[in-house]
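Notes follow the structure.
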Amino acid sequence: MGSLPHVVEDCGGVVQLFSDGTIYRSKDIGFPIPIINDQSVVFKDCLFDKTNNLHLRLYKPTSMSPSSPAKKFSVILFLHGGGFCVGTREWPNFHNCCLKLASGLNALVVAPDYRLAPEHRLPAAMEDGFSALQWLQAQVLSDKGDAWVNGGEADYDQVFILGDSSGGNIAHHLAVQIGAGSTGLAPVRVRGYILMAPFFGGVARTKSEEGPSEHLLNLELLDRFWRLSMPAGASRDHPLANPFGPGSLNIELVALDPILVIVGSCELLRDRAEDYARRLQEMGKKIEYVEFEGKQHGFFTNDPYSEASEEVIQDMKRFMVENSC
């Protein structure tokens with residue numbers, strides 16, 4: 001008699017990998033975050049990838065902000081976090097965050113789901129992020145495209161890609177793949193990338209990784225996310241985890257659109273975010289680094305209507321205005 005399958009990896013009960021390779025996903029994510037009812041924003045879901053049955057959620061302000069000089073809504077592609085293993089557009093924290101982005105930035109927010117690990121290891125998530133952009137392009141080019149996208153209210157010449165945590169990692173890889181000018185997506189024009197505490201890794205530990213655990217994150221969980229999401233047998237120095245690993249592409253040779261990095265000073269991922277921004281700056285890239293004192297991972301996403309989050313919105317707004325042409 002063989003022994004019964006037992007749990008070998010457990011992400012807080014939300015995802016469990018068993019010794020026989022089976023995977024259990026819980027419907028109850030245990031996120032005690034109430035959904036905010038923002039009357040100034042409407043939203044709806046759309047299928048964007050039939051093959052993988054992936055949906056996205058569109059968020060649109062009900063009216064143009066009177067203080068906005070723009071005549072149309074900017075477009076934000078929002079890539080959620082979750083260590084590549086958990087999270088959907090429907091999670092209350094991501095939903096609330098997108099409501100705030102739509103109203104605070106006067107933007108049409110496009111929030112796609114992407115395939116999750118360990119069922120779908122990287123680069124599946126990067127491929128799906130790009131598919132969402134191709135969907136956006138198809139709507140703009142089609143006579144029968146989605147009315148929220150091509151109905152004349154959205155300015156697809158002003159697209160910004162915003163990634164949170166693992167979504168920030170995806171945003172980085174999209175920036176490298178798409179390159180400056182985003183000519184392959186025309187008439188969609190990506191103007192810049194906003195990386196919120198991007199989830200990068202590496203075999204060598206950083207000081208912040210070895211520092212105190214956070215309320216929602218610890219090093220053990222970060223390592224588990226990497227084990228579950230990386231291509232089988234790959235280390236944390238794999239190019240999809242570490243932009244500066246031994247086998248990684250030389251980013252110096254790639255022309256990139258502007259990047260804004262935002263991170264809390266108490267985050268385990270802080271040092272990697274700072275190192276990323278410093279290295280790109282030394283390469284002559286247009287990159288900005290903003291650190292929020294005393295803040296932990298998810299300080300914006302999980303509490304988008306806080307005072308600090310209002311500051312984040314102002315930083316994003318300034319970055320978008322500065323890079324609008």
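A note on labels: chains of the structure tokens are A, B, ... as shown, every chain counts residues from 1, and ligands are counted from 1 in their shown order.
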Proximity of stretch 50-128 of chain A to stretch 167-179 of chain A: per-residue shortest pair, 10 Å limit, only C-alpha atoms, as CSV:
residue,atom,partner,partner_atom,distance
A:Leu77,CA,A:Ala171,CA,9.4
A:Phe78,CA,A:Gly167,CA,7.9
A:Leu79,CA,A:Gly167,CA,4.6
A:His80,CA,A:Gly167,CA,5.1
A:Gly81,CA,A:Gly167,CA,5.0
A:Gly82,CA,A:Gly167,CA,8.1
A:Gly83,CA,A:Gly167,CA,8.5
A:Phe84,CA,A:Gly167,CA,8.0
A:Tyr114,CA,A:Gly167,CA,9.8
A:Pro123,CA,A:Ile170,CA,9.2
A:Ala125,CA,A:Ile170,CA,7.1
A:Met126,CA,A:Ile170,CA,5.4
A:Glu127,CA,A:Leu174,CA,9.0
A:Asp128,CA,A:Ile170,CA,9.5
- Task: Find the residues near A:Glu153: any atom within 9 Å, counting only C-alpha atoms, skip ones fewer than 4 places away on the same chain, and give them as a PyMOL selection string.
- Result: chain A and resi 71-73+108+147-149
- Per DSSP on the backbone, filter stretch 74-187 of chain A down to the residues in alpha helix (DSSP H) and report them as JSON, numbers by chain. {"A": [92, 93, 94, 95, 96, 97, 98, 99, 100, 101, 102, 103, 104, 105, 124, 125, 126, 127, 128, 129, 130, 131, 132, 133, 134, 135, 136, 137, 138, 139, 140, 141, 147, 148, 149, 150, 166, 167, 168, 169, 170, 171, 172, 173, 174, 175, 176, 177, 178]}
- For stretch 31-43 of chain A, please output as a PyMOL selection string all residues within 9 Å (counting only C-alpha atoms; exclusion window: fewer than 4 positions along the same chain). chain A and resi 57-63+91-93+95-96+99-100+102-103+302-303
- Item | Every residue of stretch 203-291 of chain A that DSSP places in strand (DSSP E or B), as a VMD selection string | chain A and resid 259 to 264 287 to 291
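Shortest atom-to-atom contact with A:Ile29 among A:Leu54, A:Val86, A:Tyr156, A:Phe200: A:Val86, counting only C-alpha atoms.
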Give me the stretch 85-138 of chain A side of the contact with stretch 219-233 of chain A, cut-off 7 Å, one line per residue showing its nearest atom pair and distance in Å at one decimal, counting only C-alpha atoms, sorted by chain and residue number, as CSV.
residue,atom,partner,partner_atom,distance
A:Cys85,CA,A:Phe225,CA,6.6
A:Ala117,CA,A:Ser229,CA,4.9
A:Pro118,CA,A:Leu228,CA,5.0
A:Arg121,CA,A:Ser229,CA,4.8
A:Leu122,CA,A:Met230,CA,5.6
Write a file of the just-selected residues containing N, CA and C atoms, as a short mmCIF file (atom, residue, chain, number, x, y, z; two decimals), in the first residue's frame.
data_model
loop_
_atom_site.label_atom_id
_atom_site.label_comp_id
_atom_site.auth_asym_id
_atom_site.auth_seq_id
_atom_site.Cartn_x
_atom_site.Cartn_y
_atom_site.Cartn_z
N CYS A 85 0.92 32.89 -7.91
CA CYS A 85 0.23 31.67 -7.50
C CYS A 85 -1.22 31.91 -7.08
N ALA A 117 0.38 29.78 -11.26
CA ALA A 117 1.19 28.62 -10.91
C ALA A 117 0.61 28.01 -9.62
N PRO A 118 0.87 26.73 -9.36
CA PRO A 118 1.78 25.84 -10.09
C PRO A 118 1.16 25.14 -11.30
N ARG A 121 3.16 27.31 -14.88
CA ARG A 121 4.38 27.98 -14.43
C ARG A 121 4.78 29.09 -15.40
N LEU A 122 5.67 29.96 -14.93
CA LEU A 122 6.15 31.06 -15.78
C LEU A 122 6.82 30.46 -17.02
#
Could you produce a table of the residues of stretch 137-220 of chain A lying within 9 Å of stretch 259-275 of chain A, with the nearest pair of atoms per residue and their separation in Å rounded to one decimal, using only C-alpha atoms, ordered by chain and increasing residue number, as JSON lines?
{"residue": "A:Ser165", "atom": "CA", "partner": "A:Leu269", "partner_atom": "CA", "distance": 8.8}
{"residue": "A:Gly168", "atom": "CA", "partner": "A:Val261", "partner_atom": "CA", "distance": 8.9}
{"residue": "A:His172", "atom": "CA", "partner": "A:Ile259", "partner_atom": "CA", "distance": 8.8}
{"residue": "A:Ala175", "atom": "CA", "partner": "A:Ile259", "partner_atom": "CA", "distance": 8.7}
{"residue": "A:Gly192", "atom": "CA", "partner": "A:Ile259", "partner_atom": "CA", "distance": 5.7}
{"residue": "A:Tyr193", "atom": "CA", "partner": "A:Ile259", "partner_atom": "CA", "distance": 4.7}
{"residue": "A:Ile194", "atom": "CA", "partner": "A:Leu260", "partner_atom": "CA", "distance": 4.7}
{"residue": "A:Leu195", "atom": "CA", "partner": "A:Val261", "partner_atom": "CA", "distance": 4.8}
{"residue": "A:Met196", "atom": "CA", "partner": "A:Ile262", "partner_atom": "CA", "distance": 4.9}
{"residue": "A:Ala197", "atom": "CA", "partner": "A:Val263", "partner_atom": "CA", "distance": 4.8}
{"residue": "A:Pro198", "atom": "CA", "partner": "A:Ala273", "partner_atom": "CA", "distance": 6.4}
{"residue": "A:Phe199", "atom": "CA", "partner": "A:Leu269", "partner_atom": "CA", "distance": 6.8}
{"residue": "A:Phe200", "atom": "CA", "partner": "A:Arg272", "partner_atom": "CA", "distance": 6.6}
{"residue": "A:Gly201", "atom": "CA", "partner": "A:Arg272", "partner_atom": "CA", "distance": 7.6}
{"residue": "A:Gly202", "atom": "CA", "partner": "A:Arg272", "partner_atom": "CA", "distance": 9.0}
{"residue": "A:Thr206", "atom": "CA", "partner": "A:Asp271", "partner_atom": "CA", "distance": 6.4}
{"residue": "A:Lys207", "atom": "CA", "partner": "A:Asp271", "partner_atom": "CA", "distance": 7.1}
{"residue": "A:Ser208", "atom": "CA", "partner": "A:Leu268", "partner_atom": "CA", "distance": 4.9}
{"residue": "A:Glu209", "atom": "CA", "partner": "A:Leu268", "partner_atom": "CA", "distance": 4.6}
{"residue": "A:Glu210", "atom": "CA", "partner": "A:Leu268", "partner_atom": "CA", "distance": 7.6}
{"residue": "A:Gly211", "atom": "CA", "partner": "A:Leu268", "partner_atom": "CA", "distance": 7.0}
{"residue": "A:Pro212", "atom": "CA", "partner": "A:Leu268", "partner_atom": "CA", "distance": 7.9}
{"residue": "A:Ser213", "atom": "CA", "partner": "A:Leu268", "partner_atom": "CA", "distance": 7.3}
{"residue": "A:Glu214", "atom": "CA", "partner": "A:Glu267", "partner_atom": "CA", "distance": 7.0}
{"residue": "A:Leu217", "atom": "CA", "partner": "A:Leu268", "partner_atom": "CA", "distance": 7.8}
{"residue": "A:Asn218", "atom": "CA", "partner": "A:Leu268", "partner_atom": "CA", "distance": 7.5}
{"residue": "A:Leu219", "atom": "CA", "partner": "A:Leu268", "partner_atom": "CA", "distance": 7.6}
- Query: What does the distance from atom CA of A:Asp257 to atom CA of A:Ala241 come to in Å, to one decimal?
  - Reply: 20.7 Å
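In this structure, atom CA of A:Glu322 sits 11.6 Å away from atom CA of A:Gln158.
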